[in-house]
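First comes the structure, then the notes that go with it.
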Amino acid sequence: MTSQIKKICCIGAGYVGGPTMAVLADRCKDIKVTLVDIDKKRINAWNDKDLSKLPVFEPGLKEIIKRNRNKNLFFSTDIANTIKEADMIFISVNTPTKTSGFGAGYASDLKWVESSARQVAEYSSGHTIVVEKSTVPVRTAELIQNILSESEENSFISNIKKSFSVLSSPEFLAEGTAINDLENPDRVLIGGEDNNAMRSLSGIYERWIPANKILFTNVWSSELSKLTANAFLAQRLSSINAISALCEATGAEIKEVSNAIGADKRIGKKFLDAGPGFGGSCFQKDILNLVYLCQYYGLEKISRYWEHVLIVNNWQKERIASLVVEKLFGTVTNKKIAMFGFAFKANTNDTRESPSISIAKDLLENGANLMINDPQVLPYQIEKELCKKESKIFSEKEGSWSFNSNLNECVKDADALIILTAWDEYKEINFEKFSKLMRKPSWVFDTRKIISKNSLKGTGIKFWQVGMGECSSL
Ligand code: NAD
Ligand code: UGA
């Protein structure tokens with residue numbers, strides 16, 4: 001018999017938990033949805049009356065929070081009671097790459113998944129469906145199941161009845177388009193063995209997602225499909241970025257090449273934009289995880305195959321930083337460089353693994369003074385990523401950075417402008433004005449292909465674009 005779900009708890013109120021549960025609550029007004037987190041500051045931010053202070057910036061999210069918060073959508077630090085009340089619990093906690101111990105640098109750190117499972121084991125009551133939403137290595141559901149089984153046995157002895165069904169339902173949303181991805185997903189995956197639990201979960205999704213988009217698999221296929229989807233997407237980006245370098249060397253143009261190959265339906269048009277290298281909290285970590293899994297199962301050559309996707313990605317970031325230095329007469333020491341964009345992509349305030357980080361670090365190491373702009377990222381986030389305090393003091397050896405929300409002030413007296421995130425506001429720059437503000441010879445490096453070379457015509461600014469190289473006919 002499928003259980004009727006009345007109360008849902010989501011452990012982890014981050015970039016996935018927040019938007020996912022907001023959409024779920026919006027579509028299922030009869031279900032009470034509560035997000036819990038150990039991070040009190042984050043929960044306070046989700047509850048802030050000022051919606052511009054929500055911890056996650058995502059187009060359309062504010063409106064959904066406004067409609068549902070404190071009606072059937074709640075944010076709380078009361079983990080114990082929320083778990084106790086819930087019929088269904090989503091585990092949506094972070095699973096970053098391990099930084100120490102066995103598998104450091106490759107394997108996913110599952111300590112937050114484990115602690116979530118222990119919380120569920122301790123506080124739950126009655127029958128609870130536990131849904132693994134975090135991206136995890138194959139067979140993690142087994143870890144969760146083992147912890148919960150112990151608790152089932154103990155509950156039998158102590159007469160407080162507890163039972164569990166564990167499902168895998170990985171999330172495929174992309175930041176910046178999360179709301180649309182959640183409202184109209186290409187597919188939803190449900191992996192499990194307990195048909196009733198699977199039907200209870202699909203019953204929730206079916207309130208707004210056509211049933212034919214809900215795929216049922218076994219748990220391990222579901223877990224591996226998530227890693228594989230991210231690996232394929234990242235591989236496509238490393239492929240197009242590799243070809244962008246070849247375009248620059250040969251005179252071919254990457255946009256023309258990607259249009260030509262994308263017209264083949266088997267290849268498809270999407271995800272073919274060359275750039276400064278992919279960022280985001282997941283592609284790198286999930287491929288490292290896949291590499292680790294292949295090594296664990298003795299598939300050495302396969303692990304090296306996937307690792308190369310990351311090698312090419314790091315190379316793309318490095319080559320862009322070194323190209324900037326080379327074009328500026330081989331040195332950026334004490335030169336002012338404007339960097340437009342610090343988020344890993346447009347329409348998010350997330351900076352995790354942003355290509356801007358390693359490019360900024362390389363330029364700082366070469367003594368540059370960076371003036372950074374981003375419409376959504378705050379200076380404290382940049383400080384955290386660069387491990388270097390914001391400072392206006394120009395130091396010759398290690399360079400410095402500061403943040404400026406005014407684009408004109410960023411480029412004043414700058415030798416170069418590097419565009420690193422495709423924010424709309426950067427697409428409408430008046431280069432005639434910029435050319436008067438910048439020091440000559442001035443350069444614009446467009447790593448996102450958002451600037452048309454016509455907009456620079458007659459300005460005297462030198463122009464380089466990814467997949468096209470230096471443009472000589474300005
Ligand atoms: P996040 O770091 O933004 O959020 C995770 C939250 O979990 C944090 O706020 C943390 O404090 C909380 N947490 C950790 N342990 C806890 C515990 N025991 N009890 C309560 N709260 C706890 O991470 P995210 O970006 O939301 O990613 C979550 C998972 O989803 C990861 O596995 C990630 O790979 C996967 N994923 C992320 C995205 C994305 O776009 N960010 C997309 C698909 C899948
Ligand atoms: C990615 C996947 O697209 C999601 O399906 C997945 O759920 C998610 O990872 C995850 O597991 O976390 P996300 O990282 O949020 O989503 O964003 P993407 O749109 O995939 O972009 C990733 C990076 O690739 C960004 O730095 C972006 O600028 C870059 N990119 C993307 C390009 O350089 N070119 C493109 O054509 C597309």
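Every chain in the structure tokens takes a letter, A first, then B, and so on in the order presented; its residues are numbered from 1, and the ligands are numbered from 1 following the presented order.
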Using only C-alpha atoms and all ligand atoms, what are the residues with an atom within 9 Å of ligand 2, set out as a count of residues only?
53
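Excluding Ser165 in chain A itself and any same-chain residue fewer than 3 positions from it, the protein and nucleic acid residues within 7 Å of it, counting only C-alpha atoms, are A:Thr128, A:Ile129, A:Val130, A:Asp194, A:Ala197.
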Now that the selection is made, can you save its residues with N, CA and C atoms as a short mmCIF file (atom, residue, chain, number, x, y, z; two decimals), in the first residue's frame?
data_model
loop_
_atom_site.label_atom_id
_atom_site.label_comp_id
_atom_site.auth_asym_id
_atom_site.auth_seq_id
_atom_site.Cartn_x
_atom_site.Cartn_y
_atom_site.Cartn_z
N THR A 128 9.26 5.50 7.68
CA THR A 128 9.80 6.70 7.02
C THR A 128 10.44 6.32 5.69
N ILE A 129 10.09 7.07 4.65
CA ILE A 129 10.75 6.88 3.35
C ILE A 129 11.92 7.86 3.29
N VAL A 130 13.12 7.33 3.07
CA VAL A 130 14.32 8.18 3.05
C VAL A 130 14.80 8.28 1.61
N ASP A 194 11.61 -1.03 -3.03
CA ASP A 194 10.29 -1.07 -2.40
C ASP A 194 9.28 -0.33 -3.30
N ALA A 197 7.08 2.43 -1.73
CA ALA A 197 7.79 3.69 -1.47
C ALA A 197 8.04 4.42 -2.78
#
Straight-line distance linking CA of Thr217 in chain A with CA of Asn196 in chain A, stated in Å to one decimal
14.0 Å
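Taking only C-alpha atoms, the non-local environment of Thr82 in chain A within 8 Å (same-chain residues fewer than 5 positions away omitted) comprises Cys9, Thr34 and Val36 of chain A.
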Take the residues from that selection and put them in a file with all heavy atoms, as a CSV table (one decimal), in the first residue's frame.
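Full text of part.csv as output:
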chain,number,residue,atom,x,y,z
A,9,CYS,N,10.5,16.3,5.3
A,9,CYS,CA,11.6,17.0,5.9
A,9,CYS,C,12.7,16.9,4.9
A,9,CYS,O,12.9,15.9,4.2
A,9,CYS,CB,12.0,16.3,7.2
A,9,CYS,SG,13.7,16.7,7.8
A,34,THR,N,9.4,21.0,5.4
A,34,THR,CA,10.3,21.7,6.3
A,34,THR,C,11.7,21.4,6.0
A,34,THR,O,12.1,20.2,5.9
A,34,THR,CB,10.0,21.4,7.8
A,34,THR,OG1,8.6,21.5,8.1
A,34,THR,CG2,10.8,22.3,8.7
A,36,VAL,N,15.6,21.6,7.1
A,36,VAL,CA,16.4,21.8,8.3
A,36,VAL,C,17.9,21.8,7.9
A,36,VAL,O,18.3,21.3,6.9
A,36,VAL,CB,16.2,20.6,9.3
A,36,VAL,CG1,14.8,20.7,9.9
A,36,VAL,CG2,16.5,19.3,8.8
I'd like the interatomic distance between CA of Thr333 in chain A and CA of Met468 in chain A, to a tenth of an Å.
26.6 Å
Running DSSP on the backbone, which parts of range 177-219 of chain A land in alpha helix (DSSP H), as a list in words?
Ala178, Ile179, Asn180, Asp181, Leu182, Glu183, Asn195, Asn196, Ala197, Met198, Arg199, Ser200, Leu201, Ser202, Gly203, Ile204, Tyr205 and Val219 of chain A
What does the file look like for those residues with N, CA and C atoms, as a PDB file, in the first residue's frame?
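In the end it all went to out_32.pdb:
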ATOM      1  N   ALA A 178      17.440  26.720 -12.212  1.00  0.00           N
ATOM      2  CA  ALA A 178      16.947  25.670 -11.309  1.00  0.00           C
ATOM      3  C   ALA A 178      15.425  25.580 -11.281  1.00  0.00           C
ATOM      4  N   ILE A 179      14.750  26.731 -11.234  1.00  0.00           N
ATOM      5  CA  ILE A 179      13.288  26.680 -11.079  1.00  0.00           C
ATOM      6  C   ILE A 179      12.653  26.039 -12.313  1.00  0.00           C
ATOM      7  N   ASN A 180      13.092  26.470 -13.484  1.00  0.00           N
ATOM      8  CA  ASN A 180      12.546  25.872 -14.701  1.00  0.00           C
ATOM      9  C   ASN A 180      12.917  24.385 -14.784  1.00  0.00           C
ATOM     10  N   ASP A 181      14.149  24.054 -14.401  1.00  0.00           N
ATOM     11  CA  ASP A 181      14.575  22.642 -14.450  1.00  0.00           C
ATOM     12  C   ASP A 181      13.718  21.783 -13.514  1.00  0.00           C
ATOM     13  N   LEU A 182      13.343  22.367 -12.359  1.00  0.00           N
ATOM     14  CA  LEU A 182      12.540  21.602 -11.398  1.00  0.00           C
ATOM     15  C   LEU A 182      11.079  21.517 -11.834  1.00  0.00           C
ATOM     16  N   GLU A 183      10.608  22.588 -12.470  1.00  0.00           N
ATOM     17  CA  GLU A 183       9.196  22.582 -12.884  1.00  0.00           C
ATOM     18  C   GLU A 183       8.972  21.759 -14.155  1.00  0.00           C
ATOM     19  N   ASN A 195       8.451  -1.133  -3.978  1.00  0.00           N
ATOM     20  CA  ASN A 195       7.514  -0.554  -4.951  1.00  0.00           C
ATOM     21  C   ASN A 195       6.565   0.464  -4.334  1.00  0.00           C
ATOM     22  N   ASN A 196       6.125   0.204  -3.114  1.00  0.00           N
ATOM     23  CA  ASN A 196       5.180   1.128  -2.480  1.00  0.00           C
ATOM     24  C   ASN A 196       5.842   2.482  -2.244  1.00  0.00           C
ATOM     25  N   ALA A 197       7.076   2.432  -1.731  1.00  0.00           N
ATOM     26  CA  ALA A 197       7.793   3.687  -1.470  1.00  0.00           C
ATOM     27  C   ALA A 197       8.044   4.419  -2.784  1.00  0.00           C
ATOM     28  N   MET A 198       8.404   3.658  -3.821  1.00  0.00           N
ATOM     29  CA  MET A 198       8.671   4.291  -5.124  1.00  0.00           C
ATOM     30  C   MET A 198       7.406   4.952  -5.662  1.00  0.00           C
ATOM     31  N   ARG A 199       6.267   4.271  -5.465  1.00  0.00           N
ATOM     32  CA  ARG A 199       5.000   4.842  -5.948  1.00  0.00           C
ATOM     33  C   ARG A 199       4.616   6.081  -5.133  1.00  0.00           C
ATOM     34  N   SER A 200       4.922   6.063  -3.835  1.00  0.00           N
ATOM     35  CA  SER A 200       4.609   7.250  -3.008  1.00  0.00           C
ATOM     36  C   SER A 200       5.402   8.451  -3.512  1.00  0.00           C
ATOM     37  N   LEU A 201       6.675   8.231  -3.833  1.00  0.00           N
ATOM     38  CA  LEU A 201       7.501   9.354  -4.313  1.00  0.00           C
ATOM     39  C   LEU A 201       7.049   9.795  -5.706  1.00  0.00           C
ATOM     40  N   SER A 202       6.786   8.830  -6.583  1.00  0.00           N
ATOM     41  CA  SER A 202       6.379   9.235  -7.941  1.00  0.00           C
ATOM     42  C   SER A 202       5.028   9.952  -7.890  1.00  0.00           C
ATOM     43  N   GLY A 203       4.172   9.553  -6.935  1.00  0.00           N
ATOM     44  CA  GLY A 203       2.870  10.223  -6.774  1.00  0.00           C
ATOM     45  C   GLY A 203       3.043  11.706  -6.491  1.00  0.00           C
ATOM     46  N   ILE A 204       4.096  12.040  -5.766  1.00  0.00           N
ATOM     47  CA  ILE A 204       4.353  13.466  -5.485  1.00  0.00           C
ATOM     48  C   ILE A 204       4.811  14.173  -6.760  1.00  0.00           C
ATOM     49  N   TYR A 205       5.810  13.587  -7.422  1.00  0.00           N
ATOM     50  CA  TYR A 205       6.311  14.220  -8.659  1.00  0.00           C
ATOM     51  C   TYR A 205       5.196  14.356  -9.701  1.00  0.00           C
ATOM     52  N   VAL A 219      18.591   0.867  -7.405  1.00  0.00           N
ATOM     53  CA  VAL A 219      19.259   1.957  -6.679  1.00  0.00           C
ATOM     54  C   VAL A 219      20.625   2.284  -7.285  1.00  0.00           C
TER      55      VAL A 219
END
Got a sec: who's within 7 Å of range 75-80 of chain A, counting only C-alpha atoms, leaving out chain neighbours fewer than 2 positions off, as a PyMOL selection string?
chain A and resi 34-38+40+43+46-47+82-84+123
Include C-alpha atoms and write out the residues we just selected as a PDB file, in the first residue's frame.
ATOM      1  CA  THR A  34      10.271  21.713   6.315  1.00  0.00           C
ATOM      2  CA  LEU A  35      13.943  22.252   5.487  1.00  0.00           C
ATOM      3  CA  VAL A  36      16.405  21.773   8.312  1.00  0.00           C
ATOM      4  CA  ASP A  37      20.065  22.661   8.449  1.00  0.00           C
ATOM      5  CA  ILE A  38      22.887  22.687  10.997  1.00  0.00           C
ATOM      6  CA  LYS A  40      21.817  28.526  11.731  1.00  0.00           C
ATOM      7  CA  ILE A  43      18.266  29.067   8.053  1.00  0.00           C
ATOM      8  CA  TRP A  46      15.985  31.672   4.354  1.00  0.00           C
ATOM      9  CA  ASN A  47      13.602  33.155   6.951  1.00  0.00           C
ATOM     10  CA  THR A  82      11.113  17.805  12.076  1.00  0.00           C
ATOM     11  CA  ILE A  83      12.518  14.325  11.450  1.00  0.00           C
ATOM     12  CA  LYS A  84      10.187  12.829  14.050  1.00  0.00           C
ATOM     13  CA  TYR A 123      14.766  10.815  15.758  1.00  0.00           C
TER      14      TYR A 123
END
If you count only C-alpha atoms, which residues fall within 10 Å of Asn369 in chain A, apart from same-chain ones fewer than 2 positions away, as a VMD selection string?
chain A and resid 332 to 338 360 363 to 364 366 to 367 371 to 372 391 to 396 398 to 402 414
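The protein and nucleic acid residues lying at most 10 Å from Leu407 in chain A are Ala338, Met339, Phe340, Met371, Ile372, Asn373, Asp374, Asn404, Ser405, Glu409, Cys410, Val411, Lys412, Glu425, Tyr426, Ile429 and Phe434 of chain A, with only C-alpha atoms considered and sequence neighbours fewer than 2 positions away removed.
One finds CA of Leu246 in chain A at 25.8 Å from CA of Lys301 in chain A.
Proximity of A:Gln235, A:Asn159, A:Ser108, A:Asn218 to ligand 1, computed with only C-alpha atoms and all ligand atoms, is greatest for A:Ser108.
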